[in-house]
>>> print(open('coords-v7.cif').read())   # mmCIF, C-alpha atoms and all ligand atoms
data_query
#
loop_
_atom_site.label_atom_id
_atom_site.label_comp_id
_atom_site.auth_asym_id
_atom_site.auth_seq_id
_atom_site.Cartn_x
_atom_site.Cartn_y
_atom_site.Cartn_z
CA MET C 1 -40.56 73.19 -49.56
CA SER C 2 -42.16 69.77 -49.41
CA GLU C 3 -43.46 68.52 -46.12
CA ALA C 4 -42.75 64.98 -45.05
CA HIS C 5 -44.17 63.70 -41.81
CA LEU C 6 -42.24 61.47 -39.51
CA GLU C 7 -42.28 60.96 -35.78
CA GLY C 8 -44.95 63.56 -35.35
CA GLU C 9 -42.85 66.34 -36.81
CA VAL C 10 -43.49 68.42 -39.87
CA ARG C 11 -40.16 68.91 -41.59
CA ASN C 12 -39.02 71.25 -44.25
CA GLY C 13 -37.42 69.25 -47.00
CA PRO C 14 -37.25 65.52 -47.50
CA VAL C 15 -36.71 62.77 -44.99
CA ILE C 16 -33.27 61.53 -46.07
CA VAL C 17 -32.60 57.97 -44.98
CA ALA C 18 -29.09 56.50 -45.14
CA VAL C 19 -29.38 52.71 -45.24
CA ALA C 20 -26.06 51.49 -43.95
CA ASN C 21 -24.23 48.59 -42.36
CA GLN C 22 -20.61 47.78 -43.16
CA LYS C 23 -21.51 44.09 -43.23
CA GLY C 24 -22.13 42.82 -46.75
CA GLY C 25 -25.32 41.14 -47.84
CA VAL C 26 -27.53 42.08 -44.89
CA GLY C 27 -30.41 43.50 -46.94
CA LYS C 28 -29.48 47.17 -47.41
CA THR C 29 -30.29 47.34 -51.12
CA THR C 30 -33.37 45.12 -50.82
CA THR C 31 -34.66 47.48 -48.14
CA VAL C 32 -33.89 50.61 -50.17
CA ILE C 33 -35.64 49.33 -53.30
CA ASN C 34 -38.69 47.98 -51.55
CA LEU C 35 -39.25 50.75 -49.02
CA ALA C 36 -38.80 53.34 -51.77
CA ALA C 37 -41.30 51.55 -54.02
CA CYS C 38 -43.84 51.18 -51.19
CA LEU C 39 -43.53 54.88 -50.33
CA ALA C 40 -43.95 55.85 -53.99
CA ALA C 41 -47.06 53.67 -54.04
CA SER C 42 -48.23 55.61 -50.95
CA GLU C 43 -48.17 58.84 -52.99
CA LYS C 44 -44.77 59.96 -51.68
CA LEU C 45 -42.33 61.37 -54.21
CA THR C 46 -39.28 59.24 -53.53
CA LEU C 47 -35.70 59.30 -54.75
CA ILE C 48 -33.05 56.59 -54.52
CA ILE C 49 -29.40 57.62 -54.69
CA ASP C 50 -27.27 54.55 -55.38
CA LEU C 51 -24.00 55.25 -53.57
CA ASP C 52 -22.68 51.71 -53.95
CA PRO C 53 -20.31 51.06 -56.88
CA GLN C 54 -21.84 47.57 -57.11
CA CYS C 55 -24.90 49.45 -58.46
CA ASN C 56 -27.34 46.82 -57.19
CA ALA C 57 -30.09 49.34 -56.44
CA THR C 58 -29.76 50.60 -60.02
CA SER C 59 -29.90 47.20 -61.71
CA GLY C 60 -32.46 45.91 -59.19
CA ILE C 61 -35.07 48.25 -60.65
CA ALA C 62 -33.89 47.69 -64.23
CA CYS C 63 -32.05 50.99 -64.66
CA GLU C 64 -28.65 51.64 -66.22
CA SER C 65 -25.91 53.87 -64.86
CA GLN C 66 -26.25 57.45 -66.05
CA GLU C 67 -23.32 59.15 -67.76
CA GLU C 68 -22.50 62.81 -68.17
CA PRO C 69 -22.90 63.54 -65.44
CA SER C 70 -22.27 60.25 -63.66
CA LEU C 71 -22.70 60.09 -59.91
CA LEU C 72 -18.93 60.48 -59.53
CA ASP C 73 -19.02 63.62 -61.73
CA LEU C 74 -21.76 65.01 -59.49
CA LEU C 75 -19.81 64.22 -56.35
CA LEU C 76 -16.70 65.93 -57.70
CA ASP C 77 -18.37 69.01 -59.19
CA PRO C 78 -20.58 71.04 -56.88
CA ALA C 79 -21.83 73.05 -59.87
CA ALA C 80 -23.06 70.01 -61.86
CA HIS C 81 -26.80 69.54 -62.15
CA PRO C 82 -28.13 66.26 -60.81
CA GLN C 83 -30.88 64.88 -63.04
CA PRO C 84 -32.60 61.92 -61.46
CA LEU C 85 -34.24 59.41 -63.82
CA PRO C 86 -37.94 58.91 -63.35
CA HIS C 87 -38.53 55.17 -63.09
CA PRO C 88 -40.20 54.03 -66.33
CA THR C 89 -42.97 52.02 -64.70
CA ILE C 90 -43.23 53.14 -61.07
CA PRO C 91 -44.82 56.56 -60.72
CA ARG C 92 -43.25 58.88 -58.15
CA LEU C 93 -40.05 56.80 -57.94
CA GLU C 94 -36.83 58.36 -59.21
CA ILE C 95 -33.20 57.36 -59.06
CA LEU C 96 -29.75 58.86 -59.32
CA THR C 97 -28.05 55.76 -60.62
CA GLY C 98 -24.90 54.18 -59.26
CA CYS C 99 -21.47 54.55 -60.80
CA PRO C 100 -18.96 51.68 -60.97
CA ASP C 101 -16.11 54.25 -61.06
CA LEU C 102 -16.87 55.17 -57.47
CA VAL C 103 -14.53 52.31 -56.50
CA GLY C 104 -11.53 54.39 -57.52
CA GLY C 105 -13.31 57.67 -56.88
CA GLU C 106 -12.77 57.58 -53.17
CA LYS C 107 -9.26 59.05 -53.45
CA LEU C 108 -10.54 61.89 -55.67
CA LEU C 109 -13.31 62.56 -53.19
CA SER C 110 -10.87 62.73 -50.32
CA GLU C 111 -9.03 65.53 -52.15
CA MET C 112 -12.19 67.67 -52.39
CA PRO C 113 -12.70 70.59 -50.04
CA ASP C 114 -14.96 69.41 -47.21
CA PRO C 115 -14.90 65.80 -48.50
CA ALA C 116 -17.58 64.51 -46.09
CA HIS C 117 -20.19 66.79 -47.64
CA CYS C 118 -20.07 65.88 -51.34
CA VAL C 119 -23.41 64.02 -51.12
CA ARG C 120 -24.93 66.91 -49.21
CA ARG C 121 -23.97 69.23 -52.08
CA ILE C 122 -25.84 66.94 -54.52
CA LEU C 123 -28.91 67.10 -52.29
CA GLU C 124 -28.63 70.88 -52.17
CA GLY C 125 -28.42 70.88 -55.98
CA LEU C 126 -31.63 68.85 -56.07
CA SER C 127 -33.45 71.25 -53.79
CA HIS C 128 -33.24 73.88 -56.56
CA ASN C 129 -35.38 71.62 -58.78
CA GLU C 130 -39.08 72.21 -59.08
CA LYS C 131 -39.69 68.76 -57.64
CA LYS C 132 -39.82 68.38 -53.90
CA TYR C 133 -39.05 64.90 -52.71
CA ASP C 134 -40.77 63.48 -49.65
CA PHE C 135 -38.19 60.74 -49.12
CA VAL C 136 -34.62 60.20 -50.31
CA PHE C 137 -32.88 56.84 -49.73
CA LEU C 138 -29.09 56.58 -49.78
CA ASP C 139 -27.99 53.01 -50.53
CA CYS C 140 -24.54 52.63 -48.97
CA PRO C 141 -21.71 50.26 -49.85
CA PRO C 142 -20.71 47.55 -47.34
CA ALA C 143 -17.89 49.61 -45.82
CA LEU C 144 -17.42 52.40 -43.33
CA ASN C 145 -15.62 54.47 -45.94
CA LEU C 146 -15.80 58.08 -47.11
CA ILE C 147 -18.94 57.37 -49.15
CA THR C 148 -20.76 56.01 -46.12
CA LEU C 149 -19.51 58.94 -44.02
CA ASN C 150 -20.92 61.22 -46.74
CA ALA C 151 -24.29 59.47 -46.47
CA LEU C 152 -24.31 59.83 -42.68
CA SER C 153 -23.27 63.48 -43.02
CA SER C 154 -26.15 64.37 -45.33
CA ALA C 155 -29.01 62.20 -44.05
CA THR C 156 -31.70 63.16 -41.59
CA HIS C 157 -32.04 59.53 -40.49
CA LEU C 158 -30.10 56.26 -40.39
CA LEU C 159 -31.70 52.86 -40.96
CA VAL C 160 -29.54 49.83 -40.18
CA PRO C 161 -30.58 46.46 -41.58
CA VAL C 162 -29.43 43.64 -39.31
CA GLN C 163 -29.37 40.12 -40.62
CA ALA C 164 -30.79 37.57 -38.20
CA GLU C 165 -27.60 35.56 -37.78
CA TYR C 166 -25.04 34.75 -35.15
CA PHE C 167 -22.48 37.54 -35.64
CA ALA C 168 -25.00 40.25 -36.47
CA LEU C 169 -24.76 42.11 -33.18
CA GLU C 170 -20.96 42.32 -33.16
CA GLY C 171 -20.82 44.39 -36.33
CA LEU C 172 -23.56 46.70 -35.09
CA THR C 173 -21.23 48.46 -32.70
CA ASP C 174 -19.13 49.75 -35.62
CA ILE C 175 -21.97 51.32 -37.58
CA LEU C 176 -23.45 52.82 -34.41
CA GLU C 177 -20.03 54.31 -33.58
CA SER C 178 -19.96 55.86 -37.05
CA PHE C 179 -23.46 57.23 -36.37
CA GLU C 180 -22.17 58.88 -33.18
CA PHE C 181 -19.07 60.16 -34.99
CA ALA C 182 -21.25 61.78 -37.65
CA ARG C 183 -23.52 63.32 -35.01
CA GLN C 184 -20.56 64.81 -33.21
CA ASN C 185 -18.54 65.95 -36.19
CA THR C 186 -20.49 66.40 -39.38
CA ASN C 187 -24.26 66.20 -38.83
CA GLN C 188 -25.60 66.88 -35.38
CA ASN C 189 -29.22 66.47 -36.50
CA LEU C 190 -28.84 62.85 -37.63
CA GLN C 191 -31.36 60.55 -35.96
CA LEU C 192 -31.54 56.78 -35.74
CA LEU C 193 -34.70 55.78 -37.61
CA GLY C 194 -34.27 52.21 -36.50
CA LEU C 195 -32.63 48.81 -36.65
CA LEU C 196 -34.38 46.47 -39.04
CA LEU C 197 -34.14 42.73 -38.58
CA THR C 198 -33.88 41.06 -42.00
CA MET C 199 -33.91 37.51 -43.38
CA VAL C 200 -35.71 36.25 -40.30
CA ASP C 201 -36.65 32.59 -40.24
CA SER C 202 -38.96 32.34 -37.26
CA ARG C 203 -38.80 28.54 -37.37
CA THR C 204 -35.19 28.59 -36.23
CA ASN C 205 -34.03 29.15 -32.66
CA LEU C 206 -31.21 31.32 -33.96
CA SER C 207 -33.54 33.91 -35.49
CA VAL C 208 -35.60 34.04 -32.29
CA GLU C 209 -32.46 34.41 -30.16
CA VAL C 210 -31.00 37.17 -32.33
CA GLU C 211 -34.31 39.05 -32.25
CA ASN C 212 -34.59 38.75 -28.46
CA GLU C 213 -31.02 39.88 -27.99
CA LEU C 214 -31.45 42.84 -30.35
CA ARG C 215 -34.61 43.99 -28.58
CA ARG C 216 -33.00 43.54 -25.15
CA HIS C 217 -30.06 45.74 -26.16
CA TYR C 218 -31.73 48.35 -28.32
CA GLY C 219 -35.37 48.33 -27.16
CA ASP C 220 -37.66 50.57 -29.17
CA LYS C 221 -34.87 51.43 -31.61
CA VAL C 222 -35.68 48.10 -33.28
CA PHE C 223 -38.57 48.25 -35.75
CA LYS C 224 -41.58 46.18 -34.69
CA THR C 225 -41.76 44.93 -38.26
CA THR C 226 -39.23 42.26 -39.19
CA ILE C 227 -38.45 41.10 -42.73
CA PRO C 228 -38.75 37.34 -43.26
CA ARG C 229 -36.36 35.32 -45.37
CA ASN C 230 -38.46 35.03 -48.50
CA VAL C 231 -37.31 33.64 -51.82
CA ARG C 232 -39.60 36.00 -53.76
CA LEU C 233 -37.59 38.95 -52.34
CA SER C 234 -34.38 37.46 -53.70
CA GLU C 235 -35.91 36.74 -57.12
CA ALA C 236 -37.45 40.19 -57.66
CA PRO C 237 -34.24 42.13 -58.56
CA SER C 238 -33.37 39.74 -61.39
CA HIS C 239 -36.71 40.76 -62.92
CA GLY C 240 -35.88 44.41 -62.25
CA LEU C 241 -38.93 44.78 -60.03
CA PRO C 242 -39.64 45.78 -56.46
CA ILE C 243 -41.49 43.08 -54.58
CA ILE C 244 -44.86 44.88 -54.69
CA LEU C 245 -44.81 44.54 -58.48
CA TYR C 246 -43.17 41.12 -58.63
CA ASP C 247 -45.39 39.33 -56.11
CA ILE C 248 -47.68 41.53 -54.07
CA TRP C 249 -49.06 38.53 -52.15
CA SER C 250 -45.65 37.29 -50.95
CA ARG C 251 -44.65 37.48 -47.29
CA GLY C 252 -41.78 39.77 -48.33
CA ALA C 253 -44.18 42.27 -49.91
CA LYS C 254 -46.42 42.19 -46.87
CA ALA C 255 -43.45 42.86 -44.58
CA TYR C 256 -42.16 45.85 -46.56
CA MET C 257 -45.67 47.32 -46.76
CA GLU C 258 -45.96 46.89 -42.99
CA LEU C 259 -42.59 48.59 -42.49
CA THR C 260 -43.71 51.49 -44.68
CA LYS C 261 -46.80 51.89 -42.51
CA GLU C 262 -44.71 51.73 -39.35
CA ILE C 263 -42.39 54.47 -40.65
CA LEU C 264 -45.23 56.70 -41.83
CA ASN C 265 -47.25 56.18 -38.66
CA ASN C 266 -44.37 56.59 -36.27
CA GLY C 267 -46.15 59.12 -34.14
CA ALA C 268 -47.29 61.05 -37.23
N1 LIG X 301 -35.53 39.00 -46.78
C1 LIG X 301 -34.83 38.34 -47.69
N2 LIG X 301 -35.13 37.07 -48.01
C2 LIG X 301 -34.39 36.40 -48.93
N3 LIG X 301 -33.35 36.91 -49.59
C3 LIG X 301 -33.00 38.18 -49.31
C4 LIG X 301 -33.72 38.97 -48.37
N4 LIG X 301 -33.14 40.20 -48.29
C5 LIG X 301 -32.12 40.18 -49.16
N5 LIG X 301 -32.03 38.99 -49.78
C6 LIG X 301 -31.02 38.56 -50.76
O1 LIG X 301 -29.78 38.53 -50.10
C7 LIG X 301 -28.74 39.08 -50.91
C8 LIG X 301 -28.15 40.31 -50.22
O2 LIG X 301 -29.17 41.31 -50.10
P1 LIG X 301 -28.88 42.83 -50.44
O3 LIG X 301 -28.21 42.95 -51.76
O4 LIG X 301 -30.12 43.57 -50.21
O5 LIG X 301 -27.84 43.14 -49.28
P2 LIG X 301 -26.84 44.37 -49.15
O6 LIG X 301 -26.65 44.60 -47.69
O7 LIG X 301 -27.30 45.50 -49.98
O8 LIG X 301 -25.52 43.75 -49.80
P3 LIG X 301 -24.17 44.58 -50.11
O9 LIG X 301 -23.53 44.77 -48.78
O10 LIG X 301 -23.37 43.68 -51.02
O11 LIG X 301 -24.56 45.87 -50.76
C9 LIG X 301 -29.39 39.41 -52.25
O12 LIG X 301 -29.20 38.32 -53.10
C10 LIG X 301 -30.88 39.58 -51.89
O13 LIG X 301 -31.71 39.29 -52.97
MG MG X 302 -26.27 46.60 -51.45
#
>>> encode(input="coords-v7.cif", output="structure tokens")
Amino acid sequence: MSEAHLEGEVRNGPVIVAVANQKGGVGKTTTVINLAACLAASEKLTLIIDLDPQCNATSGIACESQEEPSLLDLLLDPAAHPQPLPHPTIPRLEILTGCPDLVGGEKLLSEMPDPAHCVRRILEGLSHNEKKYDFVFLDCPPALNLITLNALSSATHLLVPVQAEYFALEGLTDILESFEFARQNTNQNLQLLGLLLTMVDSRTNLSVEVENELRRHYGDKVFKTTIPRNVRLSEAPSHGLPIILYDIWSRGAKAYMELTKEILNNGA
């Protein structure tokens, strides 16, 4: 078994982080790609599983959807062998690519035995591989659907990106209710890794107000690190690169490296 360290504990098996928020465009995929790349650069063997049929995590690091088996095939067939792609240029980063057919796959999934645990079965399939991942990131679609429930049911931790904007806090209740639902019904060991403030523009009163409000409500559940609004972060995926390869000196790169440190040092 690999050993990944987090919050002072030595765990058996990978730290599995579901990155979820039913709100669209809040920075889920950007966080998955860039945290995963920073962890790989920190010598951690890291896997991304792209659970969003939009496949942005897949295209954002210049990969193409795998076929035979596709992610949907893997979800529907517990005996299928998941074969993550090693990223061509980033050592220690691997991906199980997204599958556009997952849009219609939800109904098929719901007809499976134990439909909330299809992703968990893929992870169990991976644990038979020689490779032992330190971190696995589950990039979720912008919905509280069966796929997201699967992610929450198989993860060890939940990370919720929160965009620094007016309605951000309202939507938070829904994802945190789903977190509680998963803890009570499908995955009692799930922990909240943290709420991550994204697209922060510290020159605006609104960003400052949202940050204050978030910290007042959720205290130390909010990461100390915040992610600034940074145009280099939005350009990087069109070049198929994580920010540390696209522009290591950008404020976005600095923020994601800081977040990586915060996660790795969290009491470890
Ligand atoms: N910190 C940032 N600064 C500037 N642009 C950003 C930042 N984070 C994300 N973006 C851009 O905002 C858009 C939405 O980000 P992203 O795709 O990561 O969100 P998402 O939550 O995964 O969206 P979806 O819900 O559709 O999956 C993208 O165009 C991305 O490049
Ligand atoms: Mg996304």
>>> atom_distance(input="coords-v7.cif", atom1="atom CA of C:Val231", atom2="atom P1 of ligand LIG 301 (chain X)")
12.5 Å
>>> residues_near_ligand(input="coords-v7.cif", ligand="ligand MG 302 (chain X)", cutoff="12 Å", atoms="only C-alpha atoms and all ligand atoms", output="PDB file with C-alpha atoms, in the coordinates of the input")
ATOM      1  CA  VAL C  19     -29.380  52.710 -45.240  1.00  0.00           C
ATOM      2  CA  ALA C  20     -26.060  51.490 -43.950  1.00  0.00           C
ATOM      3  CA  ASN C  21     -24.230  48.590 -42.360  1.00  0.00           C
ATOM      4  CA  GLN C  22     -20.610  47.780 -43.160  1.00  0.00           C
ATOM      5  CA  LYS C  23     -21.510  44.090 -43.230  1.00  0.00           C
ATOM      6  CA  GLY C  24     -22.130  42.820 -46.750  1.00  0.00           C
ATOM      7  CA  GLY C  25     -25.320  41.140 -47.840  1.00  0.00           C
ATOM      8  CA  VAL C  26     -27.530  42.080 -44.890  1.00  0.00           C
ATOM      9  CA  GLY C  27     -30.410  43.500 -46.940  1.00  0.00           C
ATOM     10  CA  LYS C  28     -29.480  47.170 -47.410  1.00  0.00           C
ATOM     11  CA  THR C  29     -30.290  47.340 -51.120  1.00  0.00           C
ATOM     12  CA  THR C  30     -33.370  45.120 -50.820  1.00  0.00           C
ATOM     13  CA  THR C  31     -34.660  47.480 -48.140  1.00  0.00           C
ATOM     14  CA  VAL C  32     -33.890  50.610 -50.170  1.00  0.00           C
ATOM     15  CA  ILE C  33     -35.640  49.330 -53.300  1.00  0.00           C
ATOM     16  CA  ILE C  49     -29.400  57.620 -54.690  1.00  0.00           C
ATOM     17  CA  ASP C  50     -27.270  54.550 -55.380  1.00  0.00           C
ATOM     18  CA  LEU C  51     -24.000  55.250 -53.570  1.00  0.00           C
ATOM     19  CA  ASP C  52     -22.680  51.710 -53.950  1.00  0.00           C
ATOM     20  CA  PRO C  53     -20.310  51.060 -56.880  1.00  0.00           C
ATOM     21  CA  GLN C  54     -21.840  47.570 -57.110  1.00  0.00           C
ATOM     22  CA  CYS C  55     -24.900  49.450 -58.460  1.00  0.00           C
ATOM     23  CA  ASN C  56     -27.340  46.820 -57.190  1.00  0.00           C
ATOM     24  CA  ALA C  57     -30.090  49.340 -56.440  1.00  0.00           C
ATOM     25  CA  THR C  58     -29.760  50.600 -60.020  1.00  0.00           C
ATOM     26  CA  SER C  59     -29.900  47.200 -61.710  1.00  0.00           C
ATOM     27  CA  GLY C  60     -32.460  45.910 -59.190  1.00  0.00           C
ATOM     28  CA  GLY C  98     -24.900  54.180 -59.260  1.00  0.00           C
ATOM     29  CA  LEU C 138     -29.090  56.580 -49.780  1.00  0.00           C
ATOM     30  CA  ASP C 139     -27.990  53.010 -50.530  1.00  0.00           C
ATOM     31  CA  CYS C 140     -24.540  52.630 -48.970  1.00  0.00           C
ATOM     32  CA  PRO C 141     -21.710  50.260 -49.850  1.00  0.00           C
ATOM     33  CA  PRO C 142     -20.710  47.550 -47.340  1.00  0.00           C
ATOM     34  CA  ALA C 143     -17.890  49.610 -45.820  1.00  0.00           C
ATOM     35  CA  PRO C 161     -30.580  46.460 -41.580  1.00  0.00           C
ATOM     36  CA  PRO C 237     -34.240  42.130 -58.560  1.00  0.00           C
TER      37      PRO C 237
END
>>> closest_residue(input="coords-v7.cif", among="C:Gln163, C:Ser153, C:Ser234, C:Thr186", to="ligand LIG 301 (chain X)", atoms="only C-alpha atoms and all ligand atoms")
C:Ser234
>>> closest_residue(input="coords-v7.cif", among="C:Thr148, C:Ala18, C:Leu190, C:Asn34", to="C:Pro242", atoms="only C-alpha atoms")
C:Asn34
>>> residues_near_point(input="coords-v7.cif", point="(-33.9, 56.7, -43.1)", cutoff="6 Å", atoms="all atoms listed in the file", output="count of residues only")
7
>>> residues_around(input="coords-v7.cif", residues="stretch 205-216 of chain C", least_positions_apart="5", cutoff="7 Å", atoms="all atoms listed in the file", output="NGL selection string")
:C and (164-165 or 200 or 222)
>>> decode(input="coords-v7.cif", residues="stretch 71-169 of chain C", atoms="C-alpha atoms", output="mmCIF file, in the first residue's frame")
data_model
loop_
_atom_site.group_PDB
_atom_site.id
_atom_site.type_symbol
_atom_site.label_atom_id
_atom_site.label_comp_id
_atom_site.auth_asym_id
_atom_site.auth_seq_id
_atom_site.Cartn_x
_atom_site.Cartn_y
_atom_site.Cartn_z
ATOM 1 C CA LEU C 71 -14.938 5.698 -18.493
ATOM 2 C CA LEU C 72 -18.603 4.767 -18.970
ATOM 3 C CA ASP C 73 -17.587 1.168 -19.818
ATOM 4 C CA LEU C 74 -15.543 1.080 -16.613
ATOM 5 C CA LEU C 75 -18.416 2.449 -14.560
ATOM 6 C CA LEU C 76 -20.814 -0.144 -15.967
ATOM 7 C CA ASP C 77 -18.522 -3.170 -15.797
ATOM 8 C CA PRO C 78 -16.950 -3.935 -12.439
ATOM 9 C CA ALA C 79 -14.690 -6.523 -14.090
ATOM 10 C CA ALA C 80 -13.174 -4.089 -16.646
ATOM 11 C CA HIS C 81 -9.574 -3.058 -16.126
ATOM 12 C CA PRO C 82 -8.990 0.657 -15.742
ATOM 13 C CA GLN C 83 -5.828 1.743 -17.532
ATOM 14 C CA PRO C 84 -4.918 5.310 -16.726
ATOM 15 C CA LEU C 85 -2.866 7.210 -19.315
ATOM 16 C CA PRO C 86 0.473 8.497 -18.127
ATOM 17 C CA HIS C 87 0.642 12.173 -19.062
ATOM 18 C CA PRO C 88 3.104 12.517 -21.966
ATOM 19 C CA THR C 89 5.079 15.408 -20.494
ATOM 20 C CA ILE C 90 4.322 15.554 -16.767
ATOM 21 C CA PRO C 91 6.021 12.761 -14.841
ATOM 22 C CA ARG C 92 3.947 11.126 -12.106
ATOM 23 C CA LEU C 93 0.671 12.548 -13.469
ATOM 24 C CA GLU C 94 -1.872 10.104 -14.877
ATOM 25 C CA ILE C 95 -5.451 10.424 -16.024
ATOM 26 C CA LEU C 96 -8.527 8.317 -16.601
ATOM 27 C CA THR C 97 -10.014 10.482 -19.298
ATOM 28 C CA GLY C 98 -13.545 11.812 -19.441
ATOM 29 C CA CYS C 99 -16.311 10.359 -21.561
ATOM 30 C CA PRO C 100 -18.885 12.523 -23.368
ATOM 31 C CA ASP C 101 -21.347 9.577 -23.270
ATOM 32 C CA LEU C 102 -21.628 9.986 -19.515
ATOM 33 C CA VAL C 103 -24.382 12.535 -20.247
ATOM 34 C CA GLY C 104 -26.747 9.727 -21.191
ATOM 35 C CA GLY C 105 -24.978 7.197 -19.011
ATOM 36 C CA GLU C 106 -26.615 8.345 -15.831
ATOM 37 C CA LYS C 107 -29.738 6.252 -16.459
ATOM 38 C CA LEU C 108 -27.623 3.141 -17.131
ATOM 39 C CA LEU C 109 -25.673 3.801 -13.961
ATOM 40 C CA SER C 110 -28.850 4.098 -11.931
ATOM 41 C CA GLU C 111 -29.803 0.580 -13.055
ATOM 42 C CA MET C 112 -26.553 -0.915 -11.716
ATOM 43 C CA PRO C 113 -26.527 -2.803 -8.438
ATOM 44 C CA ASP C 114 -25.334 -0.405 -5.736
ATOM 45 C CA PRO C 115 -25.307 2.547 -8.185
ATOM 46 C CA ALA C 116 -23.602 4.994 -5.790
ATOM 47 C CA HIS C 117 -20.459 2.856 -5.712
ATOM 48 C CA CYS C 118 -19.540 2.520 -9.397
ATOM 49 C CA VAL C 119 -16.587 4.929 -9.009
ATOM 50 C CA ARG C 120 -15.475 3.118 -5.878
ATOM 51 C CA ARG C 121 -15.322 -0.118 -7.891
ATOM 52 C CA ILE C 122 -13.010 1.588 -10.418
ATOM 53 C CA LEU C 123 -10.754 2.695 -7.571
ATOM 54 C CA GLU C 124 -10.731 -0.840 -6.200
ATOM 55 C CA GLY C 125 -9.791 -2.077 -9.683
ATOM 56 C CA LEU C 126 -6.876 0.373 -9.665
ATOM 57 C CA SER C 127 -5.641 -0.811 -6.303
ATOM 58 C CA HIS C 128 -4.778 -4.171 -7.921
ATOM 59 C CA ASN C 129 -2.270 -2.374 -10.176
ATOM 60 C CA GLU C 130 1.384 -2.342 -9.294
ATOM 61 C CA LYS C 131 1.240 1.428 -9.062
ATOM 62 C CA LYS C 132 0.202 2.989 -5.799
ATOM 63 C CA TYR C 133 -1.176 6.459 -6.149
ATOM 64 C CA ASP C 134 -0.581 9.057 -3.459
ATOM 65 C CA PHE C 135 -3.431 11.303 -4.608
ATOM 66 C CA VAL C 136 -6.508 10.792 -6.777
ATOM 67 C CA PHE C 137 -8.614 13.782 -7.890
ATOM 68 C CA LEU C 138 -12.221 13.324 -8.988
ATOM 69 C CA ASP C 139 -13.341 16.210 -11.206
ATOM 70 C CA CYS C 140 -17.115 16.425 -10.809
ATOM 71 C CA PRO C 141 -19.743 17.843 -13.166
ATOM 72 C CA PRO C 142 -21.673 20.970 -12.115
ATOM 73 C CA ALA C 143 -24.632 19.019 -10.738
ATOM 74 C CA LEU C 144 -25.599 17.110 -7.629
ATOM 75 C CA ASN C 145 -26.350 14.034 -9.701
ATOM 76 C CA LEU C 146 -25.525 10.338 -9.431
ATOM 77 C CA ILE C 147 -21.978 10.929 -10.725
ATOM 78 C CA THR C 148 -21.285 13.484 -8.010
ATOM 79 C CA LEU C 149 -22.859 11.186 -5.411
ATOM 80 C CA ASN C 150 -20.504 8.460 -6.682
ATOM 81 C CA ALA C 151 -17.533 10.792 -6.202
ATOM 82 C CA LEU C 152 -18.626 11.649 -2.660
ATOM 83 C CA SER C 153 -19.206 7.960 -1.940
ATOM 84 C CA SER C 154 -15.700 6.928 -2.973
ATOM 85 C CA ALA C 155 -13.552 9.866 -1.867
ATOM 86 C CA THR C 156 -11.651 10.238 1.371
ATOM 87 C CA HIS C 157 -11.967 14.028 1.166
ATOM 88 C CA LEU C 158 -14.114 16.751 -0.393
ATOM 89 C CA LEU C 159 -12.707 20.028 -1.697
ATOM 90 C CA VAL C 160 -15.255 22.704 -2.616
ATOM 91 C CA PRO C 161 -14.128 25.592 -4.805
ATOM 92 C CA VAL C 162 -16.145 28.724 -4.045
ATOM 93 C CA GLN C 163 -16.101 31.587 -6.494
ATOM 94 C CA ALA C 164 -15.690 34.976 -4.846
ATOM 95 C CA GLU C 165 -19.023 36.405 -5.997
ATOM 96 C CA TYR C 166 -22.313 37.517 -4.560
ATOM 97 C CA PHE C 167 -24.358 34.297 -4.667
ATOM 98 C CA ALA C 168 -21.485 31.967 -3.820
ATOM 99 C CA LEU C 169 -22.556 31.229 -0.259
#
